[in-house]
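Participant: If it helps, the file is called coords35.txt and holds compact mmCIF, C-alpha atoms:
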```
# COMPACT_ATOMS: atom_id res chain seq x y z
CA MET A 150 51.25 69.79 180.94
CA SER A 151 53.43 68.46 183.78
CA SER A 152 56.33 66.33 182.66
CA TYR A 153 54.72 65.09 179.48
CA ASP A 154 57.03 66.02 176.61
CA PHE A 155 54.45 67.31 174.18
CA ARG A 156 57.05 69.07 172.07
CA GLY A 157 59.15 65.95 171.73
CA GLU A 158 56.10 63.93 170.75
CA LEU A 159 55.13 66.51 168.14
CA LEU A 160 58.62 66.44 166.72
CA ALA A 161 58.47 62.67 166.36
CA VAL A 162 55.28 62.79 164.28
CA ILE A 163 56.47 65.54 161.93
CA PRO A 164 57.92 63.17 159.30
CA ASN A 165 54.56 61.42 159.02
CA LEU A 166 52.69 64.71 158.93
CA ARG A 167 54.88 65.90 156.08
CA ALA A 168 54.29 62.72 154.11
CA PHE A 169 50.54 62.96 154.59
CA ALA A 170 50.60 66.65 153.68
CA MET A 171 52.62 65.93 150.55
CA SER A 172 50.00 63.47 149.43
CA LEU A 173 47.27 66.05 149.95
CA VAL A 174 48.84 69.10 148.30
CA GLY A 175 51.52 67.70 146.04
CA THR A 176 54.29 70.28 146.46
CA ALA A 177 56.83 70.37 149.26
CA ASP A 178 56.40 74.09 149.98
CA LYS A 179 52.66 73.92 150.40
CA ALA A 180 52.93 70.67 152.33
CA ASP A 181 55.31 72.20 154.85
CA ASP A 182 53.10 75.27 155.22
CA LEU A 183 50.27 72.91 156.03
CA VAL A 184 52.40 71.08 158.57
CA GLN A 185 53.45 74.38 160.13
CA GLU A 186 49.83 75.45 160.50
CA THR A 187 49.01 72.05 161.98
CA LEU A 188 51.77 72.31 164.58
CA VAL A 189 50.65 75.76 165.67
CA ARG A 190 47.04 74.60 165.98
CA ALA A 191 48.06 71.47 167.82
CA TRP A 192 50.08 73.56 170.23
CA ASP A 193 47.17 75.90 170.87
CA LYS A 194 44.85 72.97 171.49
CA ARG A 195 47.32 70.84 173.40
CA ASP A 196 45.23 70.86 176.55
CA SER A 197 42.52 69.00 174.72
CA PHE A 198 44.87 66.12 173.95
CA THR A 199 45.01 63.26 176.42
CA PRO A 200 48.59 62.04 176.86
CA GLY A 201 48.90 58.37 176.06
CA THR A 202 46.19 58.38 173.41
CA ASN A 203 46.84 58.37 169.68
CA LEU A 204 48.77 61.58 169.06
CA LYS A 205 49.47 60.70 165.45
CA GLY A 206 45.78 60.28 164.71
CA TRP A 207 44.96 63.48 166.58
CA LEU A 208 47.53 65.44 164.56
CA PHE A 209 46.42 63.92 161.27
CA THR A 210 42.87 65.01 162.05
CA ILE A 211 44.04 68.57 162.66
CA LEU A 212 46.11 68.60 159.49
CA ARG A 213 43.24 67.27 157.46
CA ASN A 214 40.80 69.83 158.86
CA GLU A 215 43.30 72.56 158.13
CA PHE A 216 43.70 71.33 154.57
CA TYR A 217 39.97 71.32 153.88
CA SER A 218 39.37 74.69 155.45
CA GLN A 219 42.12 76.16 153.25
CA MET A 220 40.54 74.47 150.25
CA ARG A 221 37.20 76.02 151.05
CA LYS A 222 38.79 79.42 151.35
CA ARG A 223 40.28 79.41 147.91
CA LYS A 224 37.32 77.89 146.13
CA ARG A 225 38.74 77.15 143.37
CA GLU A 226 40.47 78.30 140.22
CA VAL A 227 41.15 75.14 138.27
CA SER A 228 39.24 71.93 138.30
CA ASP A 229 40.41 69.15 136.04
CA PRO A 230 37.99 68.38 133.26
CA GLU A 231 36.80 64.84 133.73
CA GLY A 232 39.47 62.39 132.69
CA ALA A 233 41.63 64.89 130.81
CA MET A 234 44.49 64.47 133.23
CA ALA A 235 44.16 60.72 133.27
CA GLU A 236 44.30 60.65 129.48
CA LYS A 237 47.51 62.66 129.43
CA LEU A 238 49.03 60.33 131.95
CA SER A 239 48.25 57.10 130.20
CA VAL A 240 51.27 54.85 130.09
CA HIS A 241 51.97 52.17 127.57
CA PRO A 242 52.34 48.61 128.85
CA GLU A 243 56.00 48.33 128.01
CA GLN A 244 56.60 51.33 130.25
CA VAL A 245 54.86 49.98 133.30
CA GLY A 246 57.90 48.25 134.74
CA ARG A 247 59.86 51.46 134.46
CA LEU A 248 57.16 53.70 135.80
CA ASP A 249 58.97 56.25 137.87
CA MET A 250 57.92 57.98 141.03
CA ASP A 251 57.05 61.24 139.28
CA ASP A 252 54.50 59.46 137.13
CA PHE A 253 53.10 57.78 140.18
CA LYS A 254 52.82 61.07 142.05
CA LYS A 255 51.01 62.61 139.12
CA ALA A 256 48.64 59.69 139.05
CA ILE A 257 47.95 60.08 142.77
CA GLY A 258 47.34 63.76 142.11
CA THR A 259 44.45 62.99 139.79
CA LEU A 260 42.48 61.18 142.49
CA PRO A 261 39.64 63.02 144.22
CA ASP A 262 40.83 64.34 147.59
CA ASP A 263 38.67 62.02 149.63
CA GLN A 264 39.89 58.93 147.81
CA ARG A 265 43.51 59.97 147.92
CA GLU A 266 43.52 60.65 151.63
CA ALA A 267 41.79 57.34 152.38
CA LEU A 268 44.30 55.46 150.26
CA ILE A 269 47.27 57.14 151.94
CA LEU A 270 45.96 56.74 155.47
CA VAL A 271 45.29 53.05 155.05
CA GLY A 272 47.87 52.10 152.45
CA ALA A 273 50.88 54.09 153.63
CA SER A 274 50.40 55.81 156.98
CA GLY A 275 49.63 52.56 158.74
CA PHE A 276 46.19 53.46 160.08
CA SER A 277 43.46 50.87 160.34
CA TYR A 278 40.22 51.42 158.45
CA GLU A 279 38.64 52.32 161.77
CA GLU A 280 41.28 54.91 162.59
CA ALA A 281 41.10 56.36 159.11
CA ALA A 282 37.33 56.64 159.44
CA GLU A 283 37.77 58.53 162.68
CA ILE A 284 40.32 60.91 161.16
CA CYS A 285 38.05 61.60 158.18
CA GLY A 286 34.89 61.73 160.25
CA CYS A 287 33.03 59.15 158.20
CA ALA A 288 31.92 55.52 158.34
CA VAL A 289 34.36 52.64 158.04
CA GLY A 290 32.50 51.40 154.99
CA THR A 291 32.96 54.77 153.34
CA ILE A 292 36.72 54.55 153.84
CA LYS A 293 36.76 51.04 152.41
CA SER A 294 34.90 52.04 149.31
CA ARG A 295 37.07 55.14 148.80
CA VAL A 296 40.22 53.05 149.06
CA SER A 297 38.85 50.55 146.64
CA ARG A 298 37.82 53.22 144.13
CA ALA A 299 41.20 54.90 144.47
CA ARG A 300 42.98 51.66 143.68
CA GLY A 301 40.77 51.01 140.71
CA GLN A 302 41.34 54.51 139.40
CA LEU A 303 45.11 54.24 139.78
CA SER A 304 45.12 50.92 137.97
CA LYS A 305 43.26 52.57 135.14
CA ILE A 306 45.50 55.62 134.96
CA LEU A 307 48.65 53.54 135.14
CA LYS A 308 47.20 51.09 132.65
CA LEU A 309 47.81 48.19 134.95
CA GLU A 310 44.74 46.29 133.88
CA GLY A 311 41.68 46.20 131.71
CA ASP A 312 41.96 47.35 128.10
CA GLY A 313 44.96 49.40 129.11
CA GLU A 314 47.09 46.28 128.79
CA TYR A 315 47.40 47.16 125.19
CA GLY A 316 48.01 50.86 125.44
CA PRO A 317 45.74 53.52 124.09
CA ASP A 318 45.67 52.38 120.46
CA ALA A 319 42.17 51.08 119.91
CA VAL A 320 42.92 49.46 116.55
CA ALA A 321 45.79 47.46 117.96
CA VAL A 322 43.54 46.37 120.78
CA GLY A 323 41.00 45.04 118.35
CA VAL A 324 43.60 43.06 116.44
CA MET A 325 45.08 41.59 119.56
CA ASN A 326 41.72 40.64 120.95
CA LEU A 327 41.27 38.38 117.94
CA ASN A 328 44.35 36.46 119.03
CA SER A 329 43.42 36.34 122.66
CA PRO A 330 42.18 32.96 123.86
CA ALA A 331 39.81 34.42 126.43
CA ALA A 332 38.28 37.25 124.44
CA MET B 19 30.23 4.70 121.30
CA PRO B 20 31.39 5.87 124.68
CA ILE B 21 34.95 4.54 124.32
CA ALA B 22 35.60 6.11 120.95
CA ARG B 23 34.05 9.30 122.26
CA LEU B 24 36.38 9.32 125.25
CA ALA B 25 39.40 8.74 123.06
CA LEU B 26 38.36 11.59 120.80
CA ASP B 27 37.85 13.90 123.74
CA GLY B 28 41.23 12.97 125.12
CA LEU B 29 42.91 13.64 121.81
CA GLN B 30 41.13 16.92 121.46
CA SER B 31 42.17 18.15 124.90
CA THR B 32 45.75 17.07 124.26
CA ILE B 33 45.76 19.16 121.13
CA ASN B 34 44.25 22.07 123.03
CA ASP B 35 46.94 21.85 125.69
CA MET B 36 49.66 21.76 123.09
CA ASP B 37 48.11 24.69 121.34
CA THR B 38 47.96 26.96 124.30
CA GLN B 39 51.29 25.99 125.75
CA LYS B 40 53.39 26.06 122.63
CA PHE B 41 52.02 29.12 120.98
CA PRO B 42 51.52 31.96 123.42
CA THR B 43 49.50 34.75 121.92
CA VAL B 44 50.51 38.37 121.76
CA TRP B 45 48.15 38.95 124.61
CA GLU B 46 50.04 36.48 126.77
CA LEU B 47 53.40 37.90 125.89
CA PHE B 48 52.24 41.28 127.04
CA SER B 49 50.73 39.99 130.23
CA ILE B 50 53.90 38.16 131.24
CA ASP B 51 55.71 41.46 131.12
CA LEU B 52 53.09 43.12 133.21
CA VAL B 53 53.08 40.42 135.83
CA THR B 54 56.81 40.13 136.27
CA ALA B 55 57.69 43.81 136.23
CA PRO B 56 55.98 44.79 139.47
CA ARG B 57 57.06 41.57 141.09
CA ASN B 58 60.70 42.44 140.57
CA ASP B 59 60.01 45.71 142.23
CA ILE B 60 58.66 43.92 145.24
CA VAL B 61 61.57 41.54 145.47
CA ASN B 62 63.90 44.51 145.51
CA GLY B 63 63.02 45.18 149.09
CA MET B 64 59.79 47.10 149.28
CA ASN B 65 57.94 46.15 152.35
CA TYR B 66 54.24 46.55 152.42
CA VAL B 67 51.27 44.52 153.46
CA THR B 68 48.34 43.99 151.21
CA GLN B 69 46.04 41.13 150.58
CA ALA B 70 47.38 41.05 147.05
CA ASN B 71 50.71 40.00 148.45
CA GLN B 72 49.31 36.67 149.50
CA SER B 73 48.26 35.80 146.02
CA ARG B 74 51.68 36.16 144.52
CA LYS B 75 52.62 33.15 142.55
CA PRO B 76 55.94 31.35 142.55
CA GLU B 77 58.61 32.66 140.22
CA SER B 78 58.63 29.56 138.03
CA ALA B 79 57.08 29.28 134.60
CA PRO B 80 54.87 32.33 134.24
CA ALA B 81 54.37 31.45 130.59
CA GLU B 82 52.79 28.15 131.46
CA GLU B 83 50.52 29.77 134.01
CA SER B 84 49.26 32.45 131.72
CA ALA B 85 48.55 29.80 129.13
CA ARG B 86 46.30 28.03 131.55
CA GLU B 87 44.35 30.92 132.96
CA LYS B 88 44.06 34.62 132.66
CA PRO B 89 46.85 35.97 134.83
CA ARG B 90 45.68 37.89 137.86
CA LEU B 91 46.70 41.31 136.73
CA GLY B 92 44.33 42.80 139.25
CA ASP B 93 46.20 41.39 142.21
CA ASP B 94 49.60 42.20 140.83
CA SER B 95 48.64 45.73 139.96
CA GLN B 96 47.32 46.18 143.50
CA ALA B 97 50.62 44.91 144.88
CA PHE B 98 52.41 47.29 142.56
CA ILE B 99 50.29 50.24 143.64
CA GLY B 100 50.76 49.29 147.29
CA SER B 101 54.53 49.21 147.02
CA LYS B 102 54.69 52.47 145.06
CA LEU B 103 52.44 54.12 147.58
CA ARG B 104 54.67 53.13 150.47
CA GLU B 105 57.75 54.14 148.55
CA PHE B 106 56.25 57.57 147.90
CA TYR B 107 55.27 58.00 151.54
CA ASP B 108 58.39 56.54 153.12
CA ASP B 109 60.63 58.69 150.95
CA VAL B 110 59.16 61.77 152.61
CA VAL B 111 59.16 60.21 156.09
CA ALA B 112 62.88 59.46 155.68
CA GLU B 113 63.73 63.11 155.06
CA PRO B 114 65.23 64.95 158.01
CA VAL B 115 62.83 67.27 159.84
CA PRO B 116 63.34 70.74 158.34
CA ASP B 117 64.89 73.31 160.67
CA ARG B 118 61.86 75.53 160.45
CA PHE B 119 59.84 73.01 162.46
CA VAL B 120 62.49 72.49 165.08
CA GLU B 121 62.70 76.26 165.48
CA LEU B 122 58.93 76.61 165.53
CA LEU B 123 58.55 74.10 168.34
CA LYS B 124 61.35 75.70 170.28
CA LYS B 125 59.72 79.09 169.91
CA LEU B 126 56.32 77.78 171.00
CA GLY B 127 57.93 76.27 174.08
CA ASP B 128 59.84 79.45 174.85
CA ASP B 129 56.72 81.59 174.47
CA GLU B 130 54.96 79.37 176.94
CA LYS B 131 57.74 79.71 179.48
CA ALA B 132 57.84 83.47 179.00
CA SER B 133 54.10 83.82 179.57
CA LYS B 134 54.28 82.01 182.90
```
Render the structure in this file as structure tokens.
Facilitator:
Amino acid sequence: MSSYDFRGELLAVIPNLRAFAMSLVGTADKADDLVQETLVRAWDKRDSFTPGTNLKGWLFTILRNEFYSQMRKRKREVSDPEGAMAEKLSVHPEQVGRLDMDDFKKAIGTLPDDQREALILVGASGFSYEEAAEICGCAVGTIKSRVSRARGQLSKILKLEGDGEYGPDAVAVGVMNLNSPAA
Amino acid sequence: MPIARLALDGLQSTINDMDTQKFPTVWELFSIDLVTAPRNDIVNGMNYVTQANQSRKPESAPAEESAREKPRLGDDSQAFIGSKLREFYDDVVAEPVPDRFVELLKKLGDDEKASK
């Protein structure tokens, strides 16, 4: 590895790896286990990395692969019944401004894995659509549509638009629609 | 009677304008809240880049705007989601690297040296 400081470079990417891992698994313990596994793998495969290329993307790819192979292994005790979680999480309009980070994390947690990772990679990690597509091993268009669906889903869960403007009370919605100029 | 017709139309649209501007509906009252809440969040120093950002409207007179057209809740909610997303992510990035990783990397390096 000559003088290239692979260890130092790994260390520098760890904060980003932890953030990505947190978005995938949701709890700090599991996220750090995932990061640990990623670092060990990356170290074992370090000869296959070309210094000067995108180390962050390379590490994210390893972490992601690790995550999905763990998922496959423990196939899978609980799966959320369609929409049940989203229903529990519905937030009334007057609460939207005060929506705290815990609520937001829960909402992110209800997204399908593929949508969540696409949203994080593009919306928070700073990857381009093209880089995200490479990390996820899919087409750029697929990433775009996953991001878009993720955003739509979050809007719905957080009641940021659509009928959710009025909160979950269907009767109140009906009454207010009568007063609405556009409806 | 084109002239009378014009005058009538003008009167009618004046009345319409008065209607919508003076008497905001419940719907509009709600939507003002929704539009301004995330925007305050953004002003408070969250940096993010989304296309929704470009469509933010000036601070002045949200009531008048929402009277004229349906407010763009879609854009604002996207801006809101974008800023929350970055906040969530950057919070973790800002945490110090746990010792376990520093030790792990040190150990990996030491093992390598030892095996040479």
Participant: Which residue gives the smallest distance to chain B among A:Thr176, A:Gln185, A:Gln302, A:Asn214, with all atoms listed in the file counted?
Facilitator: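 Between A:Thr176, A:Gln185, A:Gln302, A:Asn214, the residue approaching chain B most closely is A:Gln185.
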Participant: Hey, can you check how far atom CA of A:Asp251 sits from atom CA of A:Leu212?
Facilitator: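 So the two atoms, atom CA of A:Asp251 and atom CA of A:Leu212, lie 24.1 Å apart.
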Participant: Which residues are near B:Glu113? Cut-off 12 Å, only C-alpha atoms, ignore same chain within fewer than 3 positions. Put them as a VMD selection string.
Facilitator: (chain A and resid 163 to 168 177) or (chain B and resid 106 to 110 116 to 117)
Participant: Any idea what's packed within 10 Å of A:Gly157, counting only C-alpha atoms, ignoring anything in its chain fewer than 4 positions away? Could you give it as a PyMOL selection string?
Facilitator: (chain A and resi 153+161-162) or (chain B and resi 120+123)
Participant: Between atom CA of A:Asp249 and atom CA of A:Met220, what is the distance, to one decimal in Å?
Facilitator: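 Value for the atom CA of A:Asp249-atom CA of A:Met220 distance: 28.7 Å.
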Participant: Rank A:Ala191, A:Val289, A:Ser197, A:Ile306 by their smallest atom-to-atom distance to A:Lys254, using all atoms listed in the file, and report the top residue only.
Facilitator: A:Ile306
Participant: Can you list, as a list in words, every protein, DNA or RNA residue that comes within 10 Å of B:Leu126 when you count only C-alpha atoms, leaving out same-chain residues fewer than 4 positions away?
Facilitator: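 Residues meeting the cut-off are Arg156, Leu188, Val189, Trp192 and Asp193 of chain A; Glu121, Leu122, Glu130, Lys131 and Ala132 of chain B.
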Participant: Can you work out which one of A:Met250, A:Arg195, A:Gln264, A:Ala180 has the shortest atom-to-atom distance to chain B, counting all atoms listed in the file?
Facilitator: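 When distances to chain B are compared using all atoms listed in the file, the smallest one comes from A:Met250.
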Participant: Quick one, how far is atom CA of B:Glu105 from atom CA of A:Thr187?
Facilitator: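 These atoms are spaced 24.0 Å apart.
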Participant: From the list A:Ile257, A:Ile284, A:Leu309, A:Ala267, which residue is nearest A:Leu208 when using only C-alpha atoms?
Facilitator: A:Ile284
Participant: Determine the nearest neighbour of chain B from the options A:Arg213, A:Lys308, A:Arg223, A:Lys179, counting all atoms listed in the file.
Facilitator: A:Lys308
Participant: Can you pull out every residue within 12 Å of A:Phe198, counting only C-alpha atoms, but drop anything in the same chain fewer than 3 positions away, and send it as a compact mmCIF listing (two decimals) with C-alpha atoms, in the coordinates of the input?
Facilitator:
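So the final result, stored in around-v7.txt, reads:
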```
# COMPACT_ATOMS: atom_id res chain seq x y z
CA MET A 150 51.25 69.79 180.94
CA TYR A 153 54.72 65.09 179.48
CA PHE A 155 54.45 67.31 174.18
CA GLU A 158 56.10 63.93 170.75
CA LEU A 159 55.13 66.51 168.14
CA ARG A 190 47.04 74.60 165.98
CA ALA A 191 48.06 71.47 167.82
CA TRP A 192 50.08 73.56 170.23
CA ASP A 193 47.17 75.90 170.87
CA LYS A 194 44.85 72.97 171.49
CA ARG A 195 47.32 70.84 173.40
CA GLY A 201 48.90 58.37 176.06
CA THR A 202 46.19 58.38 173.41
CA ASN A 203 46.84 58.37 169.68
CA LEU A 204 48.77 61.58 169.06
CA LYS A 205 49.47 60.70 165.45
CA GLY A 206 45.78 60.28 164.71
CA TRP A 207 44.96 63.48 166.58
CA LEU A 208 47.53 65.44 164.56
CA ILE A 211 44.04 68.57 162.66
```
Participant: Considering all atoms listed in the file, state which residue in the set A:Ile292, A:Ala281, A:Ala256, A:Cys287 is at the smallest distance from chain B.
Facilitator: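 Selected residue with least distance to chain B: A:Ala256.
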